[in-house]
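Report on one structure; see the data block that follows.
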Amino acid sequence: AIFDAAPAQYDALKLAFSKSPKEYGSDEFEYLETTFGRNPLEVAANAAVVAPSAGNQVTQTVTVTAGSLQYASIDLIVSYPDGSEGVIQDITGSDLTIGSLTSAGLPEIVAGQTFAIRSTIEGDGMDTFSVYQRTETITRYNYVQFFMRAKRWAKVELQKHINQGTTNYLDVDKKIKMKQLRVDLFASYFNGTKGEYKIANNIIAKSMGGIFPTMVDAGSLTANPTVSGLQAAFEKLAFATNFKAEGGTRFIYATDEMCHEFSKIYKQPGLRYEPNNEIANLKLRRIELGTQNWVLVPCELFRENSVFPDAWKNRILCLDVESIRPVKMKGLPTYEVGSTLDRRNNGTRENYQDWYCGAQLSLEFNNPLGCFYIDVQ
């Protein structure tokens, strides 16, 4: 028998493909993502303090950025950075007229600061609606990629292997092709760049967009700490991207070495041994951080330079797996395995047989801003 020397960790694909794929009728598709529904209003120019007037309201004119204007409306109560409040009474161009509470003033606000939106407000007997808003969506798209690996056997060559049977080479060869196909899927799922290639015979083929390039394009938060700064960077980004319900679980994908760094941070300092202990158990499976759960997933493929660029050895992907779903094209199998006919079976005039395995894959990645990545220096 031929021994398989590939590391067993290279089969770490279960979580990536744990969901059944969503089907689309084409190899190119769009999907929509809703936003939170409210955004702070960013100030574009300084506005001076307005003193209070007993028994009266005072107003202040504040210019906001063009990007913030779409989120502003009359009769919205806004909160200043110091906690003071006012209500938007009028909007002219990019200028907001903000009214104070009775007998209260309005503080200074400077360019770059933001108003928080506290709420809408309605008065008795009004005959109009003040705040009209539509749900904002983000349109994303991706391509379904098709994968193929094959082996050609000449008729005599194949029969020799079958007749002699001194090793299990034929079986091993097929298993390796299947394993490498899964590695193709794994690498594309995490690091595929979306676009089109011109391949052999000038055929146009689509390449799927993977998790990491989608995060980069969407502007997911990131950090570049040293090992000593890993804990602070991880916790800061974890809380900044905590959009899940209390107790929600996210996953940390990294090499075994990087996962061990989390063990040294969160487990080793408080670990104590008795004199008869013979095993130093430093394995850490989960981190509870405030209301968050983080599960560590070792991915040794990240250090394999025949699969990922060198930077992936120290890259940590912190993902909300619930927001990522594999996609396939409807009517075609996710996986396919088979062989062509040869001359012996009166199938064709070719004096050989091709064995092949193929697959198709893409993904939907909603809310990449709820995920982040860390490149340890």
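Letters A, B, ... mark the chains of the structure tokens in the order given; residue numbers begin at 1 per chain; ligand numbers begin at 1, in order shown.
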Can I get the residues of range 15-134 of chain A within 7 Å of range 317-334 of chain A, each with the closest pair of atoms and their distance in Å to one decimal, using only C-alpha atoms, sorted chain first then ascending number, as JSON lines?
```
{"residue": "A:Phe17", "atom": "CA", "partner": "A:Pro326", "partner_atom": "CA", "distance": 6.9}
{"residue": "A:Lys19", "atom": "CA", "partner": "A:Arg325", "partner_atom": "CA", "distance": 6.6}
{"residue": "A:Pro21", "atom": "CA", "partner": "A:Pro326", "partner_atom": "CA", "distance": 4.7}
{"residue": "A:Lys22", "atom": "CA", "partner": "A:Val327", "partner_atom": "CA", "distance": 4.6}
{"residue": "A:Glu23", "atom": "CA", "partner": "A:Lys328", "partner_atom": "CA", "distance": 5.1}
{"residue": "A:Tyr24", "atom": "CA", "partner": "A:Met329", "partner_atom": "CA", "distance": 5.1}
{"residue": "A:Gly25", "atom": "CA", "partner": "A:Lys330", "partner_atom": "CA", "distance": 5.2}
{"residue": "A:Ser26", "atom": "CA", "partner": "A:Met329", "partner_atom": "CA", "distance": 5.8}
{"residue": "A:Asp27", "atom": "CA", "partner": "A:Met329", "partner_atom": "CA", "distance": 5.9}
```
Pull all heavy atoms from the residues just selected and write them as a compact mmCIF listing (two decimals), in the first residue's frame.
```
# COMPACT_ATOMS: atom_id res chain seq x y z
N PHE A 17 -18.22 24.29 4.89
CA PHE A 17 -19.27 23.78 4.02
C PHE A 17 -20.36 23.07 4.82
O PHE A 17 -20.98 22.13 4.35
CB PHE A 17 -18.66 22.80 3.00
CG PHE A 17 -17.53 23.41 2.21
CD1 PHE A 17 -16.23 22.95 2.38
CD2 PHE A 17 -17.76 24.44 1.33
CE1 PHE A 17 -15.19 23.52 1.67
CE2 PHE A 17 -16.72 25.01 0.63
CZ PHE A 17 -15.43 24.56 0.78
N LYS A 19 -23.24 24.30 5.78
CA LYS A 19 -24.58 24.66 5.32
C LYS A 19 -24.85 24.10 3.94
O LYS A 19 -23.95 24.02 3.10
CB LYS A 19 -24.73 26.18 5.27
CG LYS A 19 -24.63 26.88 6.60
CD LYS A 19 -24.82 28.37 6.40
CE LYS A 19 -24.67 29.13 7.70
NZ LYS A 19 -24.83 30.58 7.49
N PRO A 21 -25.95 24.44 0.22
CA PRO A 21 -25.77 25.61 -0.64
C PRO A 21 -27.10 26.22 -1.10
O PRO A 21 -28.08 25.50 -1.31
CB PRO A 21 -24.98 25.06 -1.83
CG PRO A 21 -25.27 23.60 -1.85
CD PRO A 21 -25.47 23.20 -0.43
N LYS A 22 -27.11 27.51 -1.24
CA LYS A 22 -28.25 28.21 -1.82
C LYS A 22 -28.13 28.14 -3.34
O LYS A 22 -27.03 28.23 -3.88
CB LYS A 22 -28.26 29.66 -1.36
CG LYS A 22 -29.46 30.46 -1.83
CD LYS A 22 -29.43 31.86 -1.23
CE LYS A 22 -30.63 32.68 -1.67
NZ LYS A 22 -30.63 34.04 -1.05
N GLU A 23 -29.25 27.98 -4.03
CA GLU A 23 -29.23 27.80 -5.48
C GLU A 23 -29.68 29.06 -6.20
O GLU A 23 -30.66 29.71 -5.81
CB GLU A 23 -30.10 26.62 -5.89
CG GLU A 23 -29.59 25.27 -5.43
CD GLU A 23 -30.39 24.12 -6.03
OE1 GLU A 23 -31.56 24.34 -6.39
OE2 GLU A 23 -29.84 23.01 -6.15
N TYR A 24 -28.97 29.39 -7.28
CA TYR A 24 -29.37 30.45 -8.19
C TYR A 24 -29.48 29.86 -9.60
O TYR A 24 -28.83 28.86 -9.92
CB TYR A 24 -28.35 31.59 -8.19
CG TYR A 24 -28.48 32.52 -7.01
CD1 TYR A 24 -27.70 32.36 -5.87
CD2 TYR A 24 -29.39 33.57 -7.02
CE1 TYR A 24 -27.81 33.22 -4.78
CE2 TYR A 24 -29.51 34.44 -5.95
CZ TYR A 24 -28.73 34.26 -4.84
OH TYR A 24 -28.85 35.09 -3.77
N GLY A 25 -30.26 30.52 -10.44
CA GLY A 25 -30.47 30.02 -11.79
C GLY A 25 -29.37 30.37 -12.75
O GLY A 25 -29.43 29.96 -13.92
N SER A 26 -28.37 31.12 -12.31
CA SER A 26 -27.28 31.54 -13.20
C SER A 26 -25.96 31.41 -12.45
O SER A 26 -25.92 31.25 -11.22
CB SER A 26 -27.50 32.99 -13.65
OG SER A 26 -26.40 33.49 -14.36
N ASP A 27 -24.85 31.52 -13.20
CA ASP A 27 -23.54 31.50 -12.57
C ASP A 27 -23.09 32.89 -12.14
O ASP A 27 -21.95 33.08 -11.72
CB ASP A 27 -22.50 30.86 -13.49
CG ASP A 27 -22.33 31.61 -14.80
OD1 ASP A 27 -23.15 32.49 -15.10
OD2 ASP A 27 -21.38 31.29 -15.54
```
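By only C-alpha atoms, and with residues fewer than 2 positions from Gly67 in chain A along its chain excluded, the set lying at most 10 Å from it is Asn39, Leu41, Glu42, Val64, Thr65, Leu69, Gln70, Tyr71 and Ser94 of chain A.
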- Message: Quick one: residues within 8 Å of range 362-372 of chain A, only C-alpha atoms, excluding same-chain residues fewer than 2 positions away - as a PyMOL selection string?
- Response: chain A and resi 31+33+142-145+189+208-211+214-215+218-222+237-238+241-243+317-320+323-328+360+374
- Item | Length of the CA of Lys177 in chain A to CA of Gly358 in chain A vector [Å] | 9.7 Å
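Separating CA of Arg285 in chain A from CA of Asp184 in chain A is a distance of 26.8 Å.
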- Give the strand (DSSP E or B) residues of range 123-275 of chain A, as assigned by DSSP on the backbone, as a PyMOL selection string. chain A and resi 137-143+145-154+195-198+204-207+221-223+249-254
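Taking CA of Lys174 in chain A and CA of Asp342 in chain A as the two end points, the separation is 18.4 Å.
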- What lies within 10 Å of Ser130 in chain A using only C-alpha atoms, ignoring chain neighbours under 2 positions off, as JSON, numbers by chain? {"A": [73, 74, 75, 76, 120, 121, 122, 126, 127, 128, 132, 133]}
With all heavy atoms retained, export the selected residues as a tab-separated table (two decimals), in the first residue's frame.
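See result-v2.tsv below for the written result:
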```tsv
chain	number	residue	atom	x	y	z
A	73	SER	N	-33.75	64.48	8.83
A	73	SER	CA	-35.15	64.79	8.56
A	73	SER	C	-35.62	65.77	9.61
A	73	SER	O	-35.10	65.80	10.73
A	73	SER	CB	-36.01	63.51	8.60
A	73	SER	OG	-37.38	63.83	8.50
A	74	ILE	N	-36.60	66.59	9.25
A	74	ILE	CA	-37.18	67.45	10.26
A	74	ILE	C	-37.85	66.60	11.33
A	74	ILE	O	-38.25	65.46	11.09
A	74	ILE	CB	-38.18	68.46	9.65
A	74	ILE	CG1	-39.33	67.73	8.95
A	74	ILE	CG2	-37.47	69.39	8.69
A	74	ILE	CD1	-40.45	68.66	8.49
A	75	ASP	N	-37.96	67.16	12.51
A	75	ASP	CA	-38.58	66.50	13.67
A	75	ASP	C	-37.81	65.26	14.12
A	75	ASP	O	-38.39	64.32	14.66
A	75	ASP	CB	-40.04	66.14	13.38
A	75	ASP	CG	-40.91	67.38	13.16
A	75	ASP	OD1	-40.45	68.48	13.53
A	75	ASP	OD2	-42.02	67.24	12.62
A	76	LEU	N	-36.50	65.27	13.93
A	76	LEU	CA	-35.63	64.27	14.54
A	76	LEU	C	-34.92	64.92	15.73
A	76	LEU	O	-34.34	66.01	15.59
A	76	LEU	CB	-34.58	63.76	13.55
A	76	LEU	CG	-34.95	62.68	12.54
A	76	LEU	CD1	-33.73	62.32	11.71
A	76	LEU	CD2	-35.51	61.44	13.23
A	120	THR	N	-37.56	60.13	16.81
A	120	THR	CA	-38.51	61.04	16.19
A	120	THR	C	-39.37	61.66	17.29
A	120	THR	O	-39.34	61.22	18.45
A	120	THR	CB	-39.41	60.29	15.19
A	120	THR	OG1	-40.10	59.24	15.89
A	120	THR	CG2	-38.59	59.68	14.07
A	121	ILE	N	-40.16	62.66	16.93
A	121	ILE	CA	-41.07	63.27	17.90
A	121	ILE	C	-42.30	63.77	17.16
A	121	ILE	O	-42.21	64.23	16.01
A	121	ILE	CB	-40.39	64.42	18.68
A	121	ILE	CG1	-41.27	64.87	19.85
A	121	ILE	CG2	-40.02	65.57	17.76
A	121	ILE	CD1	-40.56	65.80	20.84
A	122	GLU	N	-43.47	63.64	17.79
A	122	GLU	CA	-44.71	64.08	17.18
A	122	GLU	C	-45.52	64.89	18.18
A	122	GLU	O	-45.53	64.59	19.39
A	122	GLU	CB	-45.53	62.86	16.72
A	122	GLU	CG	-46.81	63.24	15.98
A	122	GLU	CD	-47.63	62.02	15.56
A	122	GLU	OE1	-47.66	61.04	16.34
A	122	GLU	OE2	-48.23	62.06	14.48
A	126	MET	N	-51.15	67.17	14.78
A	126	MET	CA	-50.43	67.36	13.51
A	126	MET	C	-51.21	66.76	12.36
A	126	MET	O	-51.89	65.73	12.51
A	126	MET	CB	-49.04	66.72	13.60
A	126	MET	CG	-48.10	67.41	14.58
A	126	MET	SD	-46.48	66.63	14.66
A	126	MET	CE	-45.87	66.94	13.00
A	127	ASP	N	-51.15	67.42	11.18
A	127	ASP	CA	-51.86	66.91	10.00
A	127	ASP	C	-50.90	66.45	8.90
A	127	ASP	O	-51.28	66.29	7.76
A	127	ASP	CB	-52.80	67.98	9.44
A	127	ASP	CG	-52.07	69.26	9.02
A	127	ASP	OD1	-50.82	69.30	9.18
A	127	ASP	OD2	-52.74	70.19	8.54
A	128	THR	N	-49.63	66.23	9.27
A	128	THR	CA	-48.64	65.72	8.31
A	128	THR	C	-47.74	64.71	9.01
A	128	THR	O	-47.65	64.66	10.24
A	128	THR	CB	-47.74	66.86	7.77
A	128	THR	OG1	-47.05	67.47	8.88
A	128	THR	CG2	-48.56	67.92	7.04
A	132	TYR	N	-40.04	60.63	6.72
A	132	TYR	CA	-40.23	59.62	5.68
A	132	TYR	C	-38.88	58.94	5.43
A	132	TYR	O	-37.90	59.62	5.10
A	132	TYR	CB	-40.73	60.24	4.38
A	132	TYR	CG	-42.14	60.76	4.43
A	132	TYR	CD1	-42.41	62.09	4.81
A	132	TYR	CD2	-43.22	59.95	4.10
A	132	TYR	CE1	-43.71	62.57	4.86
A	132	TYR	CE2	-44.52	60.43	4.14
A	132	TYR	CZ	-44.76	61.74	4.51
A	132	TYR	OH	-46.05	62.21	4.55
A	133	GLN	N	-38.82	57.65	5.58
A	133	GLN	CA	-37.56	56.94	5.34
A	133	GLN	C	-37.84	55.60	4.67
A	133	GLN	O	-38.87	54.96	4.95
A	133	GLN	CB	-36.82	56.69	6.66
A	133	GLN	CG	-36.27	57.95	7.29
A	133	GLN	CD	-35.51	57.66	8.58
A	133	GLN	OE1	-35.80	56.70	9.28
A	133	GLN	NE2	-34.53	58.49	8.89
```
- Task: Determine which residues of range 32-107 of chain A DSSP labels as helix (DSSP H, G or I) from the backbone of this structure, then write them out as a PyMOL selection string.
- Result: chain A and resi 66-69
- Message: Applying 9 Å and only C-alpha atoms, which residues near Thr226 in chain A remain after dropping the ones on its own chain fewer than 5 positions away? List them as a list in words.
- Response: Asp375, Val376 and Gln377 of chain A
Selected residues written out, C-alpha atoms, as a CSV table (one decimal), in the first residue's frame:
```
chain,number,residue,atom,x,y,z
A,375,ASP,CA,-2.4,40.1,10.6
A,376,VAL,CA,0.1,39.4,13.4
A,377,GLN,CA,3.5,40.9,12.7
```
- Item | All residues 8 Å or closer to Leu289 in chain A, only C-alpha atoms, same chain fewer than 4 positions away omitted, as a ChimeraX atom specification | /A:235,293-294
